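S.K.: Below you'll find structure.cif; it's mmCIF, C-alpha atoms.
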data_run
loop_
_atom_site.label_atom_id
_atom_site.label_comp_id
_atom_site.auth_asym_id
_atom_site.auth_seq_id
_atom_site.Cartn_x
_atom_site.Cartn_y
_atom_site.Cartn_z
CA MET A 1 -19.10 6.06 11.42
CA PRO A 2 -17.97 7.06 7.89
CA PRO A 3 -15.33 9.80 7.61
CA ARG A 4 -16.61 13.38 7.39
CA HIS A 5 -13.51 15.48 6.75
CA VAL A 6 -11.01 13.69 4.47
CA ALA A 7 -7.60 15.10 3.53
CA VAL A 8 -5.58 13.40 0.79
CA LEU A 9 -1.82 13.73 1.29
CA SER A 10 -0.85 11.55 -1.67
CA ARG A 11 0.22 13.59 -4.69
CA SER A 12 -0.50 10.73 -7.10
CA PHE A 13 -4.03 10.26 -5.76
CA SER A 14 -4.65 14.01 -5.76
CA ALA A 15 -3.54 14.31 -9.40
CA HIS A 16 -5.78 11.46 -10.60
CA PRO A 17 -9.13 12.81 -11.90
CA GLN A 18 -10.97 9.49 -11.59
CA LEU A 19 -9.84 8.86 -8.02
CA ARG A 20 -10.74 12.42 -7.03
CA SER A 21 -14.19 11.98 -8.54
CA GLU A 22 -14.78 8.64 -6.83
CA LEU A 23 -13.71 9.96 -3.43
CA LEU A 24 -15.73 13.18 -3.77
CA ALA A 25 -18.82 11.13 -4.62
CA ARG A 26 -18.54 9.51 -1.19
CA CYS A 27 -16.88 12.36 0.76
CA PRO A 28 -17.97 15.66 -0.86
CA GLY A 29 -15.78 17.82 1.36
CA ALA A 30 -12.53 16.00 0.68
CA ARG A 31 -9.47 18.19 0.12
CA PHE A 32 -6.43 17.28 -1.93
CA ASN A 33 -2.72 17.99 -1.91
CA ASP A 34 -2.37 20.02 -5.09
CA SER A 35 0.90 21.61 -4.04
CA GLY A 36 3.00 19.22 -6.10
CA ARG A 37 5.12 18.59 -2.99
CA THR A 38 5.40 15.72 -0.55
CA LEU A 39 4.24 17.34 2.67
CA ALA A 40 6.18 16.88 5.89
CA GLY A 41 6.52 18.41 9.33
CA ASP A 42 4.50 21.56 10.00
CA ASP A 43 3.16 21.65 6.44
CA LEU A 44 1.74 18.15 6.82
CA VAL A 45 0.17 18.95 10.19
CA ARG A 46 -1.42 22.13 8.84
CA PHE A 47 -2.84 20.26 5.85
CA LEU A 48 -4.38 17.55 8.05
CA ALA A 49 -5.64 19.93 10.76
CA GLY A 50 -9.30 19.26 11.48
CA ALA A 51 -9.43 16.15 9.28
CA ASP A 52 -10.83 12.97 10.80
CA ALA A 53 -9.53 10.85 7.93
CA ALA A 54 -6.40 10.94 5.74
CA VAL A 55 -5.16 9.18 2.62
CA VAL A 56 -1.42 8.70 3.00
CA ALA A 57 1.15 7.38 0.53
CA LEU A 58 4.83 7.77 1.51
CA GLU A 59 4.34 10.72 3.85
CA LYS A 60 5.74 10.10 7.32
CA LEU A 61 3.17 9.78 10.10
CA ASP A 62 5.33 9.11 13.16
CA ALA A 63 4.28 9.33 16.81
CA PRO A 64 5.16 13.05 17.29
CA THR A 65 3.23 13.98 14.16
CA LEU A 66 0.20 11.90 15.08
CA ALA A 67 0.17 13.46 18.56
CA ARG A 68 -0.41 16.84 16.88
CA LEU A 69 -3.48 15.49 15.03
CA PRO A 70 -6.08 14.88 17.76
CA ASP A 71 -8.99 14.83 15.28
CA LEU A 72 -7.54 12.07 13.12
CA GLN A 73 -9.50 8.83 13.42
CA THR A 74 -8.84 6.91 10.20
CA ILE A 75 -5.98 6.45 7.74
CA GLY A 76 -6.47 4.96 4.29
CA LYS A 77 -3.14 3.68 2.92
CA TYR A 78 -2.37 4.44 -0.71
CA GLY A 79 0.17 1.74 -1.59
CA VAL A 80 1.21 -1.28 0.40
CA GLY A 81 4.24 -0.26 2.47
CA LEU A 82 3.50 0.68 6.07
CA ASP A 83 6.97 1.65 7.29
CA ASN A 84 6.07 5.35 7.15
CA VAL A 85 3.10 4.96 9.54
CA ASP A 86 3.73 4.34 13.23
CA LEU A 87 1.13 1.65 13.79
CA ALA A 88 1.79 1.35 17.51
CA ALA A 89 1.18 5.10 17.92
CA CYS A 90 -2.00 4.77 15.86
CA GLN A 91 -3.20 2.03 18.16
CA ARG A 92 -2.48 4.14 21.26
CA GLN A 93 -4.47 7.05 19.80
CA GLY A 94 -7.30 4.85 18.57
CA ILE A 95 -6.58 5.63 14.92
CA ARG A 96 -7.78 2.90 12.58
CA VAL A 97 -5.78 1.97 9.48
CA GLY A 98 -7.23 0.74 6.20
CA TRP A 99 -4.65 -1.29 4.31
CA THR A 100 -4.85 -3.79 1.47
CA GLY A 101 -1.82 -5.91 0.67
CA GLY A 102 -0.76 -6.78 -2.83
CA VAL A 103 -2.81 -4.28 -4.85
CA ASN A 104 0.27 -3.25 -6.86
CA ARG A 105 1.98 -6.65 -6.99
CA ARG A 106 1.85 -7.15 -10.77
CA SER A 107 3.17 -3.64 -11.42
CA VAL A 108 6.13 -4.09 -9.05
CA ALA A 109 6.79 -7.64 -10.24
CA GLU A 110 6.96 -6.58 -13.89
CA LEU A 111 9.48 -3.85 -13.06
CA THR A 112 11.50 -6.44 -11.14
CA ILE A 113 11.69 -8.70 -14.19
CA ALA A 114 12.61 -5.71 -16.35
CA PHE A 115 15.45 -4.90 -13.95
CA MET A 116 16.76 -8.47 -14.13
CA ILE A 117 16.85 -8.46 -17.92
CA ASP A 118 18.30 -4.95 -18.03
CA ALA A 119 21.10 -5.77 -15.58
CA LEU A 120 21.99 -9.03 -17.30
CA ARG A 121 21.87 -7.62 -20.85
CA HIS A 122 23.33 -4.15 -20.09
CA VAL A 123 20.47 -2.32 -21.76
CA VAL A 124 20.88 0.96 -19.88
CA ARG A 125 24.68 0.84 -20.13
CA SER A 126 24.52 0.39 -23.90
CA ASN A 127 22.05 3.27 -24.17
CA ARG A 128 24.34 5.54 -22.14
CA GLU A 129 27.29 4.69 -24.36
CA ILE A 130 25.34 5.43 -27.54
CA LEU A 131 24.24 8.78 -26.13
CA ALA A 132 27.92 9.49 -25.40
CA GLY A 133 28.88 8.68 -28.99
CA GLN A 134 30.19 5.14 -28.45
CA PHE A 135 28.72 2.19 -30.33
CA ARG A 136 29.81 -1.29 -29.31
CA GLN A 137 28.29 -4.69 -28.69
CA ILE A 138 28.30 -5.61 -25.00
CA GLN A 139 28.00 -9.30 -24.24
CA GLY A 140 25.44 -10.11 -21.57
CA ARG A 141 23.67 -13.09 -20.09
CA GLN A 142 20.16 -14.40 -20.58
CA LEU A 143 17.72 -14.54 -17.70
CA SER A 144 16.52 -17.87 -19.02
CA GLY A 145 17.98 -20.76 -17.08
CA ARG A 146 19.52 -18.60 -14.34
CA THR A 147 19.16 -19.27 -10.63
CA VAL A 148 17.12 -16.50 -9.01
CA GLY A 149 16.85 -15.96 -5.26
CA VAL A 150 13.66 -14.31 -4.05
CA VAL A 151 14.06 -12.85 -0.56
CA GLY A 152 10.61 -12.23 0.84
CA CYS A 153 7.79 -14.26 -0.66
CA GLY A 154 4.70 -12.21 0.10
CA HIS A 155 2.38 -10.74 -2.50
CA VAL A 156 5.07 -9.27 -4.79
CA GLY A 157 7.59 -12.05 -4.23
CA LYS A 158 5.02 -14.65 -5.23
CA GLU A 159 4.12 -12.68 -8.35
CA VAL A 160 7.81 -12.52 -9.32
CA VAL A 161 8.11 -16.29 -8.88
CA ARG A 162 5.10 -16.83 -11.14
CA LEU A 163 6.53 -14.58 -13.86
CA LEU A 164 9.92 -16.30 -13.67
CA ARG A 165 8.33 -19.60 -14.68
CA ALA A 166 8.25 -18.32 -18.26
CA PHE A 167 12.06 -18.08 -18.19
CA ASP A 168 12.69 -21.62 -16.94
CA CYS A 169 14.67 -20.32 -13.98
CA ARG A 170 15.58 -22.25 -10.88
CA VAL A 171 13.95 -20.19 -8.14
CA LEU A 172 15.01 -20.22 -4.49
CA VAL A 173 12.79 -18.47 -1.97
CA HIS A 174 13.50 -17.27 1.55
CA ASP A 175 10.68 -16.12 3.80
CA LEU A 176 10.06 -16.09 7.54
CA ALA A 177 6.65 -17.65 6.91
CA PRO A 178 7.30 -20.49 4.42
CA ASP A 179 4.47 -21.49 2.09
CA PRO A 180 5.01 -25.14 1.11
CA ALA A 181 1.84 -25.24 -0.99
CA PHE A 182 2.98 -22.28 -3.10
CA CYS A 183 6.42 -23.82 -3.58
CA ALA A 184 4.86 -27.11 -4.63
CA GLU A 185 2.59 -25.29 -7.09
CA THR A 186 5.35 -23.22 -8.71
CA GLY A 187 8.43 -25.41 -8.30
CA ALA A 188 10.19 -22.83 -6.15
CA GLU A 189 12.64 -24.19 -3.60
CA PRO A 190 12.60 -22.98 0.03
CA SER A 191 16.05 -21.95 1.22
CA ALA A 192 17.89 -20.40 4.12
CA LEU A 193 19.24 -16.96 3.29
CA ASP A 194 22.99 -17.62 3.09
CA PRO A 195 22.73 -20.69 0.80
CA LEU A 196 20.36 -18.71 -1.41
CA LEU A 197 22.90 -15.89 -1.73
CA ALA A 198 25.73 -18.28 -2.55
CA ALA A 199 23.75 -20.06 -5.29
CA SER A 200 21.85 -17.24 -7.00
CA ASP A 201 22.83 -15.41 -10.19
CA VAL A 202 20.16 -12.82 -9.37
CA VAL A 203 18.86 -11.87 -5.91
CA THR A 204 15.66 -9.84 -5.67
CA LEU A 205 14.33 -8.25 -2.48
CA HIS A 206 10.64 -8.11 -1.53
CA LEU A 207 10.68 -7.24 2.16
CA PRO A 208 9.10 -4.50 4.25
CA LEU A 209 11.42 -2.09 6.03
CA THR A 210 11.28 -3.00 9.72
CA PRO A 211 13.82 -2.94 12.56
CA ALA A 212 14.62 -6.56 11.63
CA THR A 213 15.24 -5.86 7.93
CA ARG A 214 16.98 -2.49 8.19
CA LEU A 215 20.48 -2.91 6.66
CA LEU A 216 19.84 -6.64 6.40
CA PHE A 217 22.10 -6.56 3.35
CA ASP A 218 25.19 -4.98 4.88
CA GLY A 219 28.74 -5.45 3.64
CA THR A 220 29.06 -8.87 5.27
CA ARG A 221 25.91 -10.21 3.68
CA LEU A 222 26.71 -8.69 0.29
CA ALA A 223 30.04 -10.53 0.42
CA ARG A 224 28.13 -13.81 0.68
CA MET A 225 26.54 -13.27 -2.71
CA ARG A 226 27.84 -15.17 -5.70
CA PRO A 227 30.65 -13.30 -7.53
CA GLY A 228 29.20 -11.41 -10.48
CA ALA A 229 25.63 -11.69 -9.19
CA VAL A 230 22.90 -9.08 -9.72
CA LEU A 231 21.00 -7.49 -6.81
CA VAL A 232 17.52 -6.05 -7.40
CA ASN A 233 15.60 -3.96 -4.87
CA THR A 234 12.05 -2.85 -5.65
CA ALA A 235 10.96 -3.11 -2.01
CA ARG A 236 12.19 -0.36 0.31
CA GLY A 237 15.27 1.78 0.75
CA GLY A 238 17.19 1.04 3.92
CA ILE A 239 17.23 -2.74 3.51
CA VAL A 240 20.60 -2.54 1.72
CA ASP A 241 23.69 -0.69 2.94
CA GLU A 242 24.08 1.55 -0.12
CA PRO A 243 27.72 2.64 0.51
CA ALA A 244 28.74 -1.00 0.97
CA LEU A 245 26.93 -1.90 -2.25
CA ALA A 246 28.77 0.87 -4.10
CA VAL A 247 32.09 -0.64 -3.02
CA ALA A 248 31.06 -4.16 -4.08
CA LEU A 249 29.99 -2.91 -7.51
CA ALA A 250 33.02 -0.67 -8.04
CA GLU A 251 35.38 -3.51 -7.14
CA GLY A 252 33.57 -5.92 -9.48
CA ARG A 253 32.58 -8.37 -6.74
CA LEU A 254 28.97 -7.96 -7.86
CA GLY A 255 28.06 -7.72 -11.52
CA ALA A 256 25.26 -5.18 -11.30
CA ALA A 257 22.44 -3.84 -9.17
CA ALA A 258 19.10 -2.25 -9.99
CA PHE A 259 17.16 -0.22 -7.42
CA ASP A 260 13.80 1.52 -7.52
CA VAL A 261 14.01 2.58 -3.85
CA PHE A 262 16.53 4.44 -1.72
CA LEU A 263 17.09 5.89 1.72
CA PRO A 264 16.71 8.81 1.56
CA GLU A 265 14.65 9.55 -1.52
CA PRO A 266 15.86 11.05 -3.73
CA PRO A 267 19.35 9.60 -3.16
CA VAL A 268 21.94 12.20 -2.18
CA ASP A 269 25.08 10.07 -2.37
CA ARG A 270 26.14 9.88 -6.02
CA SER A 271 28.84 7.25 -5.40
CA LEU A 272 26.28 4.50 -6.07
CA VAL A 273 23.97 5.94 -8.71
CA ASP A 274 26.83 7.14 -10.94
CA LEU A 275 28.34 3.67 -11.31
CA PRO A 276 28.02 2.20 -14.83
CA ASN A 277 26.78 -1.14 -13.44
CA PHE A 278 24.02 0.42 -11.32
CA ILE A 279 20.47 1.05 -12.61
CA ALA A 280 18.24 3.50 -10.77
CA THR A 281 14.59 4.48 -11.14
CA GLY A 282 12.53 6.89 -9.04
CA HIS A 283 10.26 4.62 -6.96
CA ILE A 284 8.10 3.79 -9.98
CA GLY A 285 7.33 0.18 -9.08
CA GLY A 286 3.69 0.87 -8.27
CA SER A 287 3.27 3.68 -10.79
CA SER A 288 1.61 1.84 -13.62
CA ALA A 289 -1.77 3.30 -14.54
CA GLU A 290 -3.45 0.09 -13.47
CA ALA A 291 -1.72 -0.01 -10.09
CA VAL A 292 -2.39 3.67 -9.34
CA LEU A 293 -6.11 3.14 -9.85
CA ALA A 294 -6.14 -0.05 -7.76
CA MET A 295 -4.16 1.55 -4.92
CA GLY A 296 -6.39 4.61 -4.89
CA ARG A 297 -9.57 2.58 -4.75
CA ALA A 298 -8.10 0.43 -1.97
CA ALA A 299 -7.29 3.60 -0.02
CA ILE A 300 -10.87 4.84 -0.42
CA GLU A 301 -12.25 1.53 0.78
CA GLY A 302 -9.75 1.65 3.63
CA LEU A 303 -11.31 4.86 4.89
CA PHE A 304 -14.66 3.12 5.24
CA ASN A 305 -13.49 -0.31 6.38
CA ALA A 306 -10.46 0.49 8.54
CA ILE A 307 -10.08 -1.45 11.78
CA ASP A 308 -7.56 -1.63 14.62
CA ALA A 309 -4.12 -0.54 13.40
CA LEU A 310 -2.29 -3.74 14.32
CA SER A 311 -4.71 -6.61 14.81
CA HIS A 312 -5.55 -7.18 11.14
CA LEU A 313 -2.06 -6.94 9.68
CA PRO A 314 0.10 -9.97 8.89
CA PRO A 315 3.38 -10.04 10.85
CA TYR A 316 5.54 -9.14 7.83
CA ALA A 317 3.56 -5.95 7.28
CA ARG A 318 3.94 -4.61 10.81
CA ASN A 319 6.61 -2.13 11.78
CA GLU A 320 6.33 -2.04 15.53
CA GLY A 321 9.73 -1.80 17.20
#
When written as structure tokens, how does the structure in this file appear?
M.R.:
Amino acid sequence: MPPRHVAVLSRSFSAHPQLRSELLARCPGARFNDSGRTLAGDDLVRFLAGADAAVVALEKLDAPTLARLPDLQTIGKYGVGLDNVDLAACQRQGIRVGWTGGVNRRSVAELTIAFMIDALRHVVRSNREILAGQFRQIQGRQLSGRTVGVVGCGHVGKEVVRLLRAFDCRVLVHDLAPDPAFCAETGAEPSALDPLLAASDVVTLHLPLTPATRLLFDGTRLARMRPGAVLVNTARGGIVDEPALAVALAEGRLGAAAFDVFLPEPPVDRSLVDLPNFIATGHIGGSSAEAVLAMGRAAIEGLFNAIDALSHLPPYARNEG
């Protein structure tokens, strides 16, 4: 049965005239989050009250929240991360989830490459110095010819590997579900995690946030990275121990880091983001105009084609504890 009462939590979707028009053409009574705020807690429950379908982006739909939404039958996911939706609770309540992997992969992959070049060439640092009245030439390193370690080779990781071919990089990939055919096609080399860290000039993370990946990059693992290496995270906050990273950067053990994601968001601890060798953006990886439209359309289709919350998801996309 198609959804009858749709509530759109996502601010980006709600602010997009074309997506609003396309959803209203199929669900005339849809309501949108025009508050300009990310809804949570009681505000979120009040907004979704009576809705049988919801479009969710980064809003948290945990088990206690879902239990307060007895009418909810379908969730359409705007974006690809599922760590904010308790899939096991959805399954218990019979809530179906519509999810499409990889719809923003080119957008996130391009930002990842931009981060690599920025961190190696000190683009942001030079800009900050000029704004402060200092003009000097900072020597950097080219991305071309570097060894890059890709941790997590799903949709985005694969796209990053493809883009890196233009830079003649040696690419090492670590993934729990190896893809020999992809490696043969692209020249990427499968690797265990610790050897990858020891060999890579740049390490880029493309993992979901799950119990297994939470704080995967703690102080011990960061210490296994090559001295002077660059760490890039356009995946999810919480995968890296941010205080431990701040120490590694401040002490010069790592050359630089560039993050688009944090835990929490926005970041409250300035000890990391204020470092001159740290680059921060505000979770903009999937915010290209092209990706926003693709994610919104995937969320709409998800409302009409959603199935069991767990059975159709690949293992790396699940977040059950």
S.K.: Can you tell me, as an MDAnalysis selection string, what residues are no more than 8 Å from A:Asn233 when counting only C-alpha atoms, ignoring any on the same chain fewer than 3 positions away?
M.R.: chainID A and resid 112 204:206 236 258:261
S.K.: Taking the file as I've supplied it (selection: the PyMOL selection byres ((chain A and resi 145) around 12)), which residues are included? Please answer as number ranges by chain.
M.R.: A: 141-144, 146-148, 164-171, 200-202
S.K.: What does the PyMOL selection byres ((chain A and resi 217) around 12) select in this file, as a ChimeraX atom specification?
M.R.: /A:151,193-194,197,203-205,207,209,212-216,218-225,231-233,237-245,248
S.K.: Could you state the separation of atom CA of A:Leu9 and atom CA of A:Val56 in Å, given to one decimal place?
M.R.: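 Taking atom CA of A:Leu9 and atom CA of A:Val56, their separation equals 5.3 Å.
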S.K.: Which of these, A:Pro2, A:Gly152, A:Gly94, A:Gly81, has the shortest distance to A:Ala67 once you count only C-alpha atoms?
M.R.: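 Of all the options, A:Gly94 lies closest to A:Ala67.
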S.K.: For a test of reading the model, state the distance in Å between atom CA of A:Lys77 and atom CA of A:Ala299, rounded to one decimal.
M.R.: 5.1 Å
S.K.: Run the PyMOL selection byres ((chain A and resi 255) around 6) against the file shown and list the residues it catches, as a PyMOL selection string.
M.R.: chain A and resi 228-230+254+256
S.K.: Quote the spacing between atom CA of A:Leu19 and atom CA of A:Met295 in Å to one decimal place.
M.R.: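 Spanning atom CA of A:Leu19 to atom CA of A:Met295 is a straight-line distance of 9.8 Å.
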S.K.: Find the spatial neighbours of stretch 34-39 of chain A, counting only C-alpha atoms, within a cut-off of 10 Å - ignore same-chain residues fewer than 4 positions away - and output them as a PyMOL selection string.
M.R.: chain A and resi 8-15+43-47+57-60
S.K.: Once 3 Å is added on each side, what centre and edge lengths in Å to one decimal does the axis-aligned box around all listed atoms of stretch 193-198 of chain A have, as JSON?
M.R.:
{"center_x": 22.5, "center_y": -18.3, "center_z": 0.4, "size_x": 12.5, "size_y": 10.8, "size_z": 11.8}
S.K.: Taking (-4.5, 7.3, 6.9) in the file's coordinates, which residues come within 6 Å, counting all atoms listed in the file, written as number ranges by chain?
M.R.: A: 54-56, 74-77
S.K.: Identify which of the residues A:Ala132, A:Ala51, A:Ile95, A:Val108 lies closest to A:Arg4, counting all atoms listed in the file when measuring atom-to-atom distances.
M.R.: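 For A:Arg4, the nearest of the given residues is A:Ala51.
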S.K.: Please provide the set of residues having any atom within 12 Å of A:Cys90, restricted to only C-alpha atoms, with same-chain residues fewer than 2 positions apart removed, written as number ranges by chain.
M.R.: A: 61-67, 69-70, 72-75, 82, 84-88, 92-98, 306-311, 319-320
S.K.: Can you write just those residues out, C-alpha atoms, as a PDB file, in the frame of the given file?
M.R.:
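Written file, part_20.pdb:
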ATOM      1  CA  LEU A  61       3.170   9.780  10.100  1.00  0.00           C
ATOM      2  CA  ASP A  62       5.330   9.110  13.160  1.00  0.00           C
ATOM      3  CA  ALA A  63       4.280   9.330  16.810  1.00  0.00           C
ATOM      4  CA  PRO A  64       5.160  13.050  17.290  1.00  0.00           C
ATOM      5  CA  THR A  65       3.230  13.980  14.160  1.00  0.00           C
ATOM      6  CA  LEU A  66       0.200  11.900  15.080  1.00  0.00           C
ATOM      7  CA  ALA A  67       0.170  13.460  18.560  1.00  0.00           C
ATOM      8  CA  LEU A  69      -3.480  15.490  15.030  1.00  0.00           C
ATOM      9  CA  PRO A  70      -6.080  14.880  17.760  1.00  0.00           C
ATOM     10  CA  LEU A  72      -7.540  12.070  13.120  1.00  0.00           C
ATOM     11  CA  GLN A  73      -9.500   8.830  13.420  1.00  0.00           C
ATOM     12  CA  THR A  74      -8.840   6.910  10.200  1.00  0.00           C
ATOM     13  CA  ILE A  75      -5.980   6.450   7.740  1.00  0.00           C
ATOM     14  CA  LEU A  82       3.500   0.680   6.070  1.00  0.00           C
ATOM     15  CA  ASN A  84       6.070   5.350   7.150  1.00  0.00           C
ATOM     16  CA  VAL A  85       3.100   4.960   9.540  1.00  0.00           C
ATOM     17  CA  ASP A  86       3.730   4.340  13.230  1.00  0.00           C
ATOM     18  CA  LEU A  87       1.130   1.650  13.790  1.00  0.00           C
ATOM     19  CA  ALA A  88       1.790   1.350  17.510  1.00  0.00           C
ATOM     20  CA  ARG A  92      -2.480   4.140  21.260  1.00  0.00           C
ATOM     21  CA  GLN A  93      -4.470   7.050  19.800  1.00  0.00           C
ATOM     22  CA  GLY A  94      -7.300   4.850  18.570  1.00  0.00           C
ATOM     23  CA  ILE A  95      -6.580   5.630  14.920  1.00  0.00           C
ATOM     24  CA  ARG A  96      -7.780   2.900  12.580  1.00  0.00           C
ATOM     25  CA  VAL A  97      -5.780   1.970   9.480  1.00  0.00           C
ATOM     26  CA  GLY A  98      -7.230   0.740   6.200  1.00  0.00           C
ATOM     27  CA  ALA A 306     -10.460   0.490   8.540  1.00  0.00           C
ATOM     28  CA  ILE A 307     -10.080  -1.450  11.780  1.00  0.00           C
ATOM     29  CA  ASP A 308      -7.560  -1.630  14.620  1.00  0.00           C
ATOM     30  CA  ALA A 309      -4.120  -0.540  13.400  1.00  0.00           C
ATOM     31  CA  LEU A 310      -2.290  -3.740  14.320  1.00  0.00           C
ATOM     32  CA  SER A 311      -4.710  -6.610  14.810  1.00  0.00           C
ATOM     33  CA  ASN A 319       6.610  -2.130  11.780  1.00  0.00           C
ATOM     34  CA  GLU A 320       6.330  -2.040  15.530  1.00  0.00           C
TER      35      GLU A 320
END
S.K.: Listing only residues of stretch 12-109 of chain A within 8 Å of stretch 271-288 of chain A, what is the closest atom pair and its distance in Å (to one decimal) for each, using all atoms listed in the file, sorted by chain and residue number ascending, as a Markdown table?
M.R.:
| residue | atom | partner | partner_atom | distance |
| --- | --- | --- | --- | --- |
| A:Gly79 | CA | A:Gly286 | CA | 7.6 |
| A:Asn104 | CA | A:Gly286 | CA | 5.5 |
| A:Arg105 | CA | A:Gly286 | CA | 7.8 |
| A:Ser107 | CA | A:Gly286 | CA | 5.5 |
| A:Val108 | CA | A:Gly285 | CA | 4.4 |
| A:Ala109 | CA | A:Gly285 | CA | 7.9 |
S.K.: Considering only C-alpha atoms, can you say which of A:Ala235, A:Val268, A:Val150, A:Ala30 comes closest to A:Ala7?
M.R.: A:Ala30
S.K.: Give me the residues within 10 Å of A:Phe182 as a list in words, counting all atoms listed in the file and dropping any in the same chain fewer than 5 places off.
M.R.: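 The residues that qualify are Cys153, Lys158, Val161, Arg162, Gly187, Ala188 and Glu189 of chain A.
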S.K.: Could you please fill out stretch 234-251 of chain A with N, CA and C atoms and send it back as a compact mmCIF listing (two decimals), in the coordinates of the input?
M.R.:
# COMPACT_ATOMS: atom_id res chain seq x y z
N THR A 234 13.25 -3.63 -5.35
CA THR A 234 12.05 -2.85 -5.65
C THR A 234 11.15 -2.80 -4.42
N ALA A 235 11.74 -3.03 -3.24
CA ALA A 235 10.96 -3.11 -2.01
C ALA A 235 10.99 -1.80 -1.25
N ARG A 236 12.05 -1.57 -0.48
CA ARG A 236 12.19 -0.36 0.31
C ARG A 236 13.67 0.00 0.44
N GLY A 237 13.95 1.31 0.41
CA GLY A 237 15.27 1.78 0.75
C GLY A 237 15.55 1.52 2.21
N GLY A 238 16.82 1.31 2.54
CA GLY A 238 17.19 1.04 3.92
C GLY A 238 17.42 -0.42 4.22
N ILE A 239 16.97 -1.32 3.33
CA ILE A 239 17.23 -2.74 3.51
C ILE A 239 18.68 -3.07 3.15
N VAL A 240 19.23 -2.32 2.19
CA VAL A 240 20.60 -2.54 1.72
C VAL A 240 21.49 -1.38 2.17
N ASP A 241 22.68 -1.70 2.62
CA ASP A 241 23.69 -0.69 2.94
C ASP A 241 24.22 -0.15 1.61
N GLU A 242 23.75 1.03 1.21
CA GLU A 242 24.08 1.55 -0.12
C GLU A 242 25.56 1.85 -0.29
N PRO A 243 26.27 2.45 0.68
CA PRO A 243 27.72 2.64 0.51
C PRO A 243 28.48 1.32 0.35
N ALA A 244 28.08 0.30 1.11
CA ALA A 244 28.74 -1.00 0.97
C ALA A 244 28.46 -1.61 -0.40
N LEU A 245 27.25 -1.42 -0.91
CA LEU A 245 26.93 -1.90 -2.25
C LEU A 245 27.77 -1.19 -3.30
N ALA A 246 27.96 0.11 -3.14
CA ALA A 246 28.77 0.87 -4.10
C ALA A 246 30.18 0.30 -4.18
N VAL A 247 30.74 -0.07 -3.04
CA VAL A 247 32.09 -0.64 -3.02
C VAL A 247 32.10 -1.98 -3.73
N ALA A 248 31.11 -2.83 -3.46
CA ALA A 248 31.06 -4.16 -4.08
C ALA A 248 30.92 -4.06 -5.59
N LEU A 249 30.15 -3.09 -6.07
CA LEU A 249 29.99 -2.91 -7.51
C LEU A 249 31.24 -2.32 -8.14
N ALA A 250 31.83 -1.32 -7.49
CA ALA A 250 33.02 -0.67 -8.04
C ALA A 250 34.19 -1.63 -8.12
N GLU A 251 34.28 -2.54 -7.16
CA GLU A 251 35.38 -3.51 -7.14
C GLU A 251 35.10 -4.71 -8.03
